Each structure stands twice: as structure tokens, then as C-alpha cells.
Amino acid sequence: MSHSADWLTAFEALKSVYSDGAYSNMALNEAIPRHKGCRDSFVRNLVKGTIRQTITLDHIIGMLASNGLKGIKTRTLIILRMGIFAIREMDSVPDHAAVNEAVALARKTARGTDRFINAVLRSYLRRRAEFEADGTPAFIDNIGDPVKKLSVQYSMPEDLVDLITSQYGDEAESILRGLNEPPEIILRVNTLKTSRDRLISDLSEQGITAGPAEGCDAAVAASGRGIIGSELYRKGHFTVQSLSSMLAVSALAPEPGSRVLDMCAAPGGKSTMMAEMMSNEGSVTACDIHEHRLELIRASAARTGADIIETRLMDGTQYDGSLEGLFDYVLADVPCSGLGVMSTKPEIRLRTDVSTYAGLTDTQLEILENAFRYTRPGGRICYSTCTLNKDENEGVIRRFMDEGKPRADGFARIVEMRTILPYNNLIGFYYCIIEKSF
């Protein structure tokens, strides 16, 4: 049975990612509605998996093609990546079907390359024992450089492998492996409208498998079709949010009736979580630098019924004297390199540039310094990122504590600091809770 619509949809999404710099989620959300009858979950798995394994797949293709990667045009390369990924990783696709679908796709989108694609994929099938094995695949055994070897095995850029290895030592390979294992879908129950037990029951009635997720009382692990399209979602009974970010907000623990500032709030998941934790009592000022992203926060607040949220157009790096000392809690979930979320946003690995991270840390420190000034004496700040780069995490906190401004503005005390590694249904994340003393 042909599933040509699936393959064409996946190809279009991948071309948007590789050629136009699109984000995978946006590319998928645009491509899937254009093709009636395509299988949503299949397409998403094929696209995300192909992006996730790009470096590994290109290494394999380079070994199979007589002239290596040289001269292979983008469209042809995309189809080869799709075909080899499907053979390697998608049990639902028989080998012959993967080859046939790739060849048929080439005839539609990369004319004149179908014979070449057929030859490369059949060569892979003949040599597959060399490329597929439990544990370490045999084809990387002859790579002498340990950094390049890990790069090919875990499909990570060499400079990123070098960074993680230098910062995490013996734990680096486990981290690289974890960044290739997408977590389950995690939902945050909206306690303003329902309970966790009730939500699990209601989801189950709609054919969605759901159960409590360990680590946070508001978290539900879910699987099945139509989660975001469900009536429960539209009515605001839950929000999709990573367990790691829930843990950071839970550590800040804003109390009912307090004044809260969320400095980099879009699309609004953490703002609505804080409003729910506060029983919708008090105020949450949710900020972003772009007006169109404030619309996302307003939509999220309206859907969840979090009417204590007000939005504010603000650049977190620019000090606003009118906010000095106003807030009991300030959340600074700062812009970062995003290394911790590569399992769900795999295109990050194709675009990251380690040399730019130093500039990020200056921006992050500016936001944190302003967050501290906006906090009242006795209040708390949560500094958080979704990266594993220690320079953006512990390094920024170290600079904040050592460079004098906190002492000039009031005394800072670290209450809790945690790096969340990408294992056991978690994405990579970091947070630090700071108290501003009298």
C-alpha cells in the first residue's frame, strides 16, 4: 500500500527546515494541512527523526555514494536521508516499501535522481549489518578521533560534542544519548478548572492514554491522537508543558495574592502555571519584547481562565525604573542556546554555533540584574534556561554574585540551584532560585 502523501508531506517540511531555516514544528504544522489523508504521527516521526539523525545519516550516505556527499543536491540528499532513516528506525515501514516510496518521491520532486537514490538505498540494505547494531554501530569503529566518533554516533556537531564533553566529563555520552530520546507528551493540569485525577479520567474517556507523571503534582503523561485538538484543551483544562520547566516554576512557588513578574513570558505557559498556583489571586505581569508574542500570552490566559495575567511590552535587558522593588516573585526564563531541548527541537543541532554563546551570557546577565532590581526585599527570583551550557547557567549566576551589582542593590542569597539532565522524561534545563534579603 502506497503512502505517497506521507512522504511528500514529510519532504516538504524537511525542505523548509533544511533550505529555508524553518523550525520543524512550524514546518510540520504548515505542511500537514496541505495534504489530506497523510498520517500526522507518521509524518512527524519521519521528519523529526530525519533531522535528529542528519549528521549520522550524512556520514552513512557519504560512505555509500561513489563520490561521497560531493555533488548531491539538496532535494536528493533529503530523500536519501528520509529513506535511510525509515529503514533504520521505522519498524512500520518494510525495507522494500522505504526504497519504493523514496524512489517514487524522487520522480515527483527530484527528477532524474531516482536511479541514483534506488542504487544508494539498495547498497545500504546489502551493507546494513555494517550500519546497524546494538550499542555502537560498526561503521564508526574506524573513526579515530573520539570527538568525531561521538559526533557521528549521536548526530551532534563536533564543537557541541567538545563543549559537553569538556563540561560534563564521564556523563557527556549519557547526555548526548538523552538528547536523542524525545520525552513523552507532558500536560499540566489546570487546577482552576479541574483536578489531575479528573483530567486523567476525562482524557481516557476520549481515547487518550494518560497517567500521573512523577516529579510534579500538576503533571500528566499522555499519549494518543487529538490531544491538542480535544475539547478539554480548548476549554483550558490542561496545557502542554515540559516537566522540567514545571519543576522550575514549582521551585519559585509564588503564593496566592502575590505580585509576580514574568520577564520573558511568551508563549505564556509559565505565566499561566503561576496564576494557577496562586489560585488566580494576585497579579502576574507577563512581558515580551514582541507585540505579536504578547498575543500568544493573552490567548493562553483566556483559554485557561487566568485573568490575573496582564501583558506588557518590555525589553528585559533595558532597566525600567517604574518597576523597581515592586514584585514578590520574578521569573527570568532567559533567551538561551536551547541545547536542552534538542530532543524535541532537533534542528537546533544543525544551527548552533558555540562561538556565539559568550554574547548570550551578557544578555542573560543584564536580564538577571534587572530581575533582581525589580524584586522587593525578601522576594525571590527564578533564573532559568533550557540549555545545558554551564557558561549560560552556573557561569551567569557566578558573575551575578561576584560582580558587585547585587551587593549595590541589596543582598542576594542562592536558595536552590539545579541542573536537570535529559533523562527519564525530562528535557535539559537549569534553574536557580535567588532570594533578595533585606
# chains A, B, ... in the order shown; residues from 1 in each chain; ligands from 1

call {"tool": "closest_atom_pairs", "arguments": {"of": "range 207-295 of chain A", "to": "range 421-426 of chain A", "cutoff": "10 Å", "atoms": "only C-alpha atoms", "output": "JSON lines"}}
result
{"residue": "A:Ala213", "atom": "CA", "partner": "A:Asn425", "partner_atom": "CA", "distance": 8.9}
{"residue": "A:Glu214", "atom": "CA", "partner": "A:Asn425", "partner_atom": "CA", "distance": 9.3}
{"residue": "A:Ala221", "atom": "CA", "partner": "A:Asn425", "partner_atom": "CA", "distance": 9.1}
{"residue": "A:Ser242", "atom": "CA", "partner": "A:Leu426", "partner_atom": "CA", "distance": 7.2}
{"residue": "A:Leu243", "atom": "CA", "partner": "A:Leu426", "partner_atom": "CA", "distance": 6.1}
{"residue": "A:Ser244", "atom": "CA", "partner": "A:Leu426", "partner_atom": "CA", "distance": 5.7}
{"residue": "A:Ser245", "atom": "CA", "partner": "A:Leu426", "partner_atom": "CA", "distance": 9.2}

call {"tool": "residues_around", "arguments": {"residues": "His96 in chain A", "least_positions_apart": "6", "cutoff": "10 Å", "atoms": "only C-alpha atoms", "output": "list in words"}}
result
Ile87, Ala102, Leu121, Arg122 and Leu125 of chain A

call {"tool": "write_last_selection", "arguments": {"atoms": "C-alpha atoms", "output": "compact mmCIF listing (two decimals), in the first residue's frame"}}
result
# COMPACT_ATOMS: atom_id res chain seq x y z
CA ILE A 87 14.90 1.68 7.03
CA ALA A 102 11.83 7.20 -1.79
CA LEU A 121 19.35 2.65 -0.72
CA ARG A 122 19.84 -0.87 -2.07
CA LEU A 125 20.35 -2.78 2.50

call {"tool": "closest_residue", "arguments": {"among": "A:Glu205, A:Glu184, A:Asp58, A:Asp6", "to": "Ala98 in chain A", "atoms": "only C-alpha atoms"}}
result
A:Asp6

call {"tool": "atom_distance", "arguments": {"atom1": "CA of Asn180 in chain A", "atom2": "CA of Thr387 in chain A"}}
result
14.7 Å

call {"tool": "select_by_dssp", "arguments": {"residues": "range 316-373 of chain A", "states": "strand (DSSP E or B)", "output": "PyMOL selection string"}}
result
chain A and resi 327-333

call {"tool": "write_last_selection", "arguments": {"atoms": "N, CA, C and O atoms", "output": "PDB file, in the first residue's frame"}}
result
ATOM      1  N   PHE A 327       7.926  43.656  42.965  1.00  0.00           N
ATOM      2  CA  PHE A 327       7.414  42.299  42.837  1.00  0.00           C
ATOM      3  C   PHE A 327       7.902  41.357  43.932  1.00  0.00           C
ATOM      4  O   PHE A 327       9.059  41.405  44.361  1.00  0.00           O
ATOM      5  N   ASP A 328       6.993  40.466  44.344  1.00  0.00           N
ATOM      6  CA  ASP A 328       7.335  39.433  45.327  1.00  0.00           C
ATOM      7  C   ASP A 328       8.136  38.299  44.682  1.00  0.00           C
ATOM      8  O   ASP A 328       9.003  37.705  45.318  1.00  0.00           O
ATOM      9  N   TYR A 329       7.803  38.006  43.413  1.00  0.00           N
ATOM     10  CA  TYR A 329       8.474  36.930  42.672  1.00  0.00           C
ATOM     11  C   TYR A 329       8.741  37.407  41.254  1.00  0.00           C
ATOM     12  O   TYR A 329       7.877  38.032  40.630  1.00  0.00           O
ATOM     13  N   VAL A 330       9.934  37.106  40.776  1.00  0.00           N
ATOM     14  CA  VAL A 330      10.283  37.436  39.399  1.00  0.00           C
ATOM     15  C   VAL A 330      10.848  36.185  38.720  1.00  0.00           C
ATOM     16  O   VAL A 330      11.758  35.539  39.252  1.00  0.00           O
ATOM     17  N   LEU A 331      10.281  35.853  37.570  1.00  0.00           N
ATOM     18  CA  LEU A 331      10.779  34.736  36.769  1.00  0.00           C
ATOM     19  C   LEU A 331      11.530  35.306  35.570  1.00  0.00           C
ATOM     20  O   LEU A 331      10.980  36.077  34.788  1.00  0.00           O
ATOM     21  N   ALA A 332      12.799  34.917  35.439  1.00  0.00           N
ATOM     22  CA  ALA A 332      13.625  35.325  34.293  1.00  0.00           C
ATOM     23  C   ALA A 332      14.038  34.065  33.547  1.00  0.00           C
ATOM     24  O   ALA A 332      15.096  33.491  33.800  1.00  0.00           O
ATOM     25  N   ASP A 333      13.151  33.607  32.665  1.00  0.00           N
ATOM     26  CA  ASP A 333      13.437  32.445  31.818  1.00  0.00           C
ATOM     27  C   ASP A 333      14.072  32.991  30.548  1.00  0.00           C
ATOM     28  O   ASP A 333      13.388  33.289  29.574  1.00  0.00           O
TER      29      ASP A 333
END

call {"tool": "residues_around", "arguments": {"residues": "Ile200 in chain A", "least_positions_apart": "6", "cutoff": "8 Å", "atoms": "only C-alpha atoms", "output": "ChimeraX atom specification"}}
result
/A:210-212,220

call {"tool": "select_by_dssp", "arguments": {"residues": "range 220-402 of chain A", "states": "helix (DSSP H, G or I)", "output": "JSON, numbers by chain"}}
result
{"A": [231, 232, 233, 234, 243, 244, 245, 246, 247, 248, 249, 250, 251, 252, 269, 270, 271, 272, 273, 274, 275, 276, 277, 291, 292, 293, 294, 295, 296, 297, 298, 299, 300, 301, 302, 303, 304, 321, 322, 323, 339, 340, 341, 348, 349, 350, 351, 354, 355, 356, 357, 358, 359, 360, 361, 362, 363, 364, 365, 366, 367, 368, 369, 370, 371, 372, 373, 374, 394, 395, 396, 397, 398, 399, 400, 401, 402]}

call {"tool": "residues_around", "arguments": {"residues": "Gly49 in chain A", "least_positions_apart": "2", "cutoff": "12 Å", "atoms": "only C-alpha atoms", "output": "number ranges by chain"}}
result
A: 10, 14, 24, 41-47, 51-57, 81-90, 155, 180-182, 342-347

call {"tool": "residues_around", "arguments": {"residues": "Met63 in chain A", "least_positions_apart": "6", "cutoff": "10 Å", "atoms": "only C-alpha atoms", "output": "list of chain:residue names"}}
result
A:Leu57, A:Leu69, A:Val120, A:Tyr124, A:Phe139
